[in-house]
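A.B. asks: Following this message is one structure expressed as structure tokens.
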Amino acid sequence: MLDFVLNLLFPVTCIVCHAPVRERRWGGACPECWASLLALEPPFCPKCGEPAPAIEGLCGFCRRGEHNFDFARSALLFTQTLRDIIHHLKYADRVSLATQLGDILSECRRREPFTGNLVIPVPLHRSRQRQRGFNQAELIAARLGLPMATRLLRRKKDTPSQTGLTRNERKRNLAGAFEVRGRVSGTIMVVDDVYTTGSTLNEIARTLKCAGADRVEVLTVARVPSYRAAETASAAVARTQ
Ligand SMILES: [Zn+2]
Ligand SMILES: [Zn+2]
């Protein structure tokens, strides 16, 4: 009934396909668009979740020991529809989208062998957080219903654009970008909306381990397969890392 009245007064149309959205619990995208999202299913690297490694077992990144984190999974592939949803969450203040995204994340966490008992959402730089008014990673991570630390990790450097940078340039750009206030221990689960090249998450994992973490796990809603990361890095995601 409340939905009915609200829909008369403030009709909601899907931010992706513009169909009317009758139930507010969908948070601004229609049920069909939510249902069209693609789950990231095996085969993927057993350690870092990289989609479809070319050979059996660990992917190239893991075999070369390029990740500082110990385990990573993403719930969905980064499709155009998901890009639109995340974009609206970040830039159009459609914070209600975070509920559904958080539930998708939570399902992935329960399905996969995560052991972390403290959640740290990837922090935004102070100025960016002030400008946006919220941290989307924090809104999404809140749905996990686990203990969450939002002040333990700080983003010292504003690294606005990673666009067009090579892996090594990204690494240099991010060096010293984060700082842990105090000491940490045990297993930490780092949460973000999109895993693009993994550079940011890698630098965070390095920082957390220097501060005493034994194990760092990464959980994201979306994953850009590495063969697509370069092209996607030039799209909207990269601006917001
Ligand atoms: Zn739709
Ligand atoms: Zn891997």
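Identifiers for the structure tokens are assigned positionally: chains receive A, B, ... in sequence, residues are indexed from 1 per chain, and ligands are indexed from 1 in the order shown.
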Which residues form the shell of 9 Å around ligand 2 when you count only C-alpha atoms and all ligand atoms, given as a short mmCIF file (atom, residue, chain, number, x, y, z; two decimals) with C-alpha atoms, in the first residue's frame?
C.D. replies:
data_model
loop_
_atom_site.label_atom_id
_atom_site.label_comp_id
_atom_site.auth_asym_id
_atom_site.auth_seq_id
_atom_site.Cartn_x
_atom_site.Cartn_y
_atom_site.Cartn_z
CA PHE A 44 38.39 -19.06 -11.95
CA CYS A 45 41.73 -18.96 -10.15
CA PRO A 46 41.27 -20.73 -6.80
CA LYS A 47 43.35 -18.10 -5.04
CA CYS A 48 42.49 -14.69 -6.52
CA GLY A 49 39.26 -15.47 -8.38
CA GLU A 50 40.62 -14.30 -11.76
CA PRO A 51 38.02 -15.49 -14.30
CA PRO A 53 42.65 -18.81 -16.14
CA GLY A 57 45.32 -24.21 -11.25
CA LEU A 58 46.61 -20.77 -10.31
CA CYS A 59 46.48 -17.83 -12.71
CA GLY A 60 49.61 -16.06 -13.97
CA PHE A 61 49.43 -13.31 -11.34
CA CYS A 62 49.33 -15.86 -8.52
CA ARG A 63 52.05 -18.05 -10.00
CA GLY A 65 53.36 -14.03 -6.66
CA GLU A 66 52.06 -10.59 -7.70
CA HIS A 67 49.26 -10.39 -5.13
CA PHE A 71 42.40 -14.79 -1.28
CA ALA A 72 39.93 -12.88 -3.47
#
A.B. asks: I'd like the neighbourhood of Arg110 of chain A as number ranges by chain, where a residue qualifies if any of its atoms comes within 12 Å (using only C-alpha atoms), though same-chain residues fewer than 5 positions away should be ignored.
C.D. replies: A: 73, 75, 103-105, 115-116, 144-146, 219
A.B. asks: Around ligand 1, which protein and nucleic acid residues have at least one atom no more than 7 Å from it, if we count only C-alpha atoms and all ligand atoms? List them as a PDB file with C-alpha atoms, in the first residue's frame.
C.D. replies:
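Writing done, so here's part-v6.pdb:
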ATOM      1  CA  CYS A  14      14.812   1.775 -13.697  1.00  0.00           C
ATOM      2  CA  ILE A  15      18.122   3.615 -13.964  1.00  0.00           C
ATOM      3  CA  VAL A  16      19.281   1.083 -16.570  1.00  0.00           C
ATOM      4  CA  CYS A  17      16.305   0.367 -18.870  1.00  0.00           C
ATOM      5  CA  HIS A  18      13.824   3.054 -17.695  1.00  0.00           C
ATOM      6  CA  ALA A  19      11.009   0.571 -17.028  1.00  0.00           C
ATOM      7  CA  ALA A  29      16.837  -0.798 -10.903  1.00  0.00           C
ATOM      8  CA  CYS A  30      14.069  -3.132 -12.077  1.00  0.00           C
ATOM      9  CA  PRO A  31      13.953  -6.843 -11.154  1.00  0.00           C
ATOM     10  CA  GLU A  32      14.725  -7.822 -14.764  1.00  0.00           C
ATOM     11  CA  CYS A  33      17.925  -5.753 -14.797  1.00  0.00           C
TER      12      CYS A  33
END
A.B. asks: As a VMD selection string, please: every residue in segment 20-241 of chain A that a backbone DSSP assignment puts in alpha helix (DSSP H).
C.D. replies: chain A and resid 31 to 35 60 to 63 80 to 91 97 to 111 126 to 132 136 to 141 167 to 174 199 to 210 226 to 233 236 to 239
A.B. asks: Would you list the contacts of Arg181 of chain A as a list in words, taking every protein, DNA or RNA residue within 9 Å and counting only C-alpha atoms, but skipping same-chain residues closer than 6 positions in sequence?
C.D. replies: Arg151, Leu152, Leu153, Arg154 and Ala211 of chain A
A.B. asks: Using only C-alpha atoms, which protein or nucleic acid residues come within 7 Å of Gly186 of chain A? Drop anything in the same chain fewer than 6 positions from it, and give the result as a ChimeraX atom specification.
C.D. replies: /A:213-215
A.B. asks: In Å, how far is it from atom CA of Phe4 of chain A to atom CA of Val21 of chain A?
C.D. replies: 11.0 Å
A.B. asks: Assign secondary structure with DSSP using the backbone only, and return the residues of segment 11-223 of chain A in strand (DSSP E or B) as a PyMOL selection string.
C.D. replies: chain A and resi 13+20+39+44+51+71-77+118-121+148+153-155+178-180+187-195+215-223
A.B. asks: Please indicate the distance in Å from atom CA of Cys210 of chain A to atom CA of Lys171 of chain A, rounded to one decimal place.
C.D. replies: 16.5 Å
A.B. asks: State, in Å with one decimal place, the distance from atom CA of Phe134 of chain A to atom CA of Asp158 of chain A.
C.D. replies: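 Those two atoms sit 15.9 Å apart.
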A.B. asks: So, with only C-alpha atoms as the atoms that count, which of A:Asn173, A:His125, A:Glu41, A:Arg130 lies closest to Arg111 of chain A?
C.D. replies: A:Glu41
A.B. asks: Which neighbours of segment 22-25 of chain A fall inside 8 Å, counting only C-alpha atoms, when residues of the same chain fewer than 5 positions from it are skipped, and could you give them as an MDAnalysis selection string?
C.D. replies: chainID A and resid 3:4 7 12
A.B. asks: Considering only C-alpha atoms, state which residue in the set A:Leu124, A:Leu139, A:Cys108, A:Leu201 is at the smallest distance from Val216 of chain A.
C.D. replies: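 Of A:Leu124, A:Leu139, A:Cys108, A:Leu201, the one nearest Val216 of chain A is A:Leu201, counting only C-alpha atoms.
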A.B. asks: Taking only C-alpha atoms into account, which of A:Val191, A:Ile140, A:Ala39, A:Leu77 comes nearest Leu101 of chain A?
C.D. replies: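 Among the listed residues, A:Ile140 lies closest to Leu101 of chain A.
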A.B. asks: When you count only C-alpha atoms, which of these residues is closest to Pro121 of chain A: A:Arg83, A:His88, A:Arg155, A:Arg228?
C.D. replies: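 Nearest to Pro121 of chain A: A:Arg155.
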A.B. asks: Quick one: residues within 12 Å of Thr159 of chain A, only C-alpha atoms counted, chain neighbours fewer than 6 positions away excluded, as a short mmCIF file (atom, residue, chain, number, x, y, z; two decimals) with N, CA, C and O atoms, in the first residue's frame?
C.D. replies:
data_model
loop_
_atom_site.label_atom_id
_atom_site.label_comp_id
_atom_site.auth_asym_id
_atom_site.auth_seq_id
_atom_site.Cartn_x
_atom_site.Cartn_y
_atom_site.Cartn_z
N PRO A 123 38.74 2.68 1.72
CA PRO A 123 38.39 4.07 2.05
C PRO A 123 38.56 5.01 0.87
O PRO A 123 39.38 4.77 -0.02
N LEU A 124 37.78 6.08 0.88
CA LEU A 124 37.96 7.16 -0.08
C LEU A 124 38.86 8.19 0.57
O LEU A 124 38.96 8.26 1.80
N HIS A 125 39.49 9.02 -0.26
CA HIS A 125 40.23 10.14 0.30
C HIS A 125 39.21 11.10 0.92
O HIS A 125 38.09 11.21 0.45
N ARG A 126 39.66 11.72 1.99
CA ARG A 126 38.79 12.64 2.75
C ARG A 126 38.00 13.62 1.85
O ARG A 126 36.80 13.78 2.00
N SER A 127 38.70 14.21 0.92
CA SER A 127 38.03 15.22 0.10
C SER A 127 36.98 14.61 -0.81
O SER A 127 35.93 15.20 -1.07
N ARG A 128 37.24 13.40 -1.29
CA ARG A 128 36.29 12.73 -2.15
C ARG A 128 35.04 12.30 -1.35
O ARG A 128 33.92 12.40 -1.81
N LEU A 165 47.29 4.21 -17.20
CA LEU A 165 48.56 3.87 -16.57
C LEU A 165 48.84 2.37 -16.71
O LEU A 165 47.93 1.56 -16.71
N GLU A 169 53.10 1.69 -13.35
CA GLU A 169 52.81 3.10 -13.06
C GLU A 169 51.74 3.22 -11.98
O GLU A 169 51.82 4.06 -11.10
N ARG A 170 50.74 2.34 -12.05
CA ARG A 170 49.70 2.31 -11.02
C ARG A 170 50.31 2.04 -9.67
O ARG A 170 49.96 2.66 -8.68
N LYS A 171 51.20 1.06 -9.66
CA LYS A 171 51.85 0.65 -8.43
C LYS A 171 52.60 1.83 -7.80
O LYS A 171 52.48 2.10 -6.62
N ARG A 172 53.33 2.55 -8.66
CA ARG A 172 54.10 3.69 -8.18
C ARG A 172 53.15 4.79 -7.69
O ARG A 172 53.36 5.41 -6.65
N ASN A 173 52.09 5.01 -8.46
CA ASN A 173 51.09 6.01 -8.13
C ASN A 173 50.45 5.76 -6.77
O ASN A 173 50.10 6.67 -6.04
N LEU A 174 50.30 4.48 -6.44
CA LEU A 174 49.59 4.09 -5.21
C LEU A 174 50.51 3.90 -4.01
O LEU A 174 50.02 3.78 -2.89
N ALA A 175 51.81 3.87 -4.27
CA ALA A 175 52.74 3.60 -3.16
C ALA A 175 52.53 4.61 -2.04
O ALA A 175 52.51 5.82 -2.28
N GLY A 176 52.33 4.12 -0.83
CA GLY A 176 52.14 5.00 0.32
C GLY A 176 50.81 5.72 0.33
O GLY A 176 50.63 6.70 1.05
N ALA A 177 49.85 5.26 -0.48
CA ALA A 177 48.55 5.94 -0.55
C ALA A 177 47.70 5.69 0.68
O ALA A 177 46.80 6.45 0.98
N PHE A 178 47.98 4.58 1.39
CA PHE A 178 47.15 4.22 2.54
C PHE A 178 47.98 4.17 3.83
O PHE A 178 49.19 3.97 3.79
N SER A 199 45.19 -3.29 -8.36
CA SER A 199 46.34 -2.51 -7.84
C SER A 199 46.04 -1.86 -6.49
O SER A 199 46.87 -1.90 -5.59
N THR A 200 44.85 -1.27 -6.37
CA THR A 200 44.49 -0.60 -5.12
C THR A 200 44.38 -1.62 -3.99
O THR A 200 44.92 -1.41 -2.89
N ALA A 238 37.51 3.85 -13.33
CA ALA A 238 38.86 4.26 -12.96
C ALA A 238 38.87 5.61 -12.27
O ALA A 238 39.66 5.84 -11.37
N ARG A 239 37.98 6.49 -12.67
CA ARG A 239 37.96 7.83 -12.11
C ARG A 239 37.72 7.82 -10.61
O ARG A 239 38.05 8.76 -9.92
N THR A 240 37.11 6.75 -10.14
CA THR A 240 36.58 6.78 -8.79
C THR A 240 37.36 5.93 -7.82
O THR A 240 37.01 5.84 -6.68
N GLN A 241 38.40 5.29 -8.29
CA GLN A 241 39.11 4.32 -7.44
C GLN A 241 39.38 4.84 -6.06
O GLN A 241 39.58 6.01 -5.88
#
A.B. asks: Using only C-alpha atoms for the distances, tell me which of A:Arg109, A:Leu76, A:Ala35, A:Gly28 is nearest to Val95 of chain A.
C.D. replies: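 Using only C-alpha atoms, the shortest distance to Val95 of chain A belongs to A:Gly28.
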A.B. asks: For Val218 of chain A, which residue among A:Leu89, A:Leu8, A:Leu118, A:Val190 is the nearest when counting only C-alpha atoms?
C.D. replies: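 Smallest separation from Val218 of chain A among the options: A:Val190.
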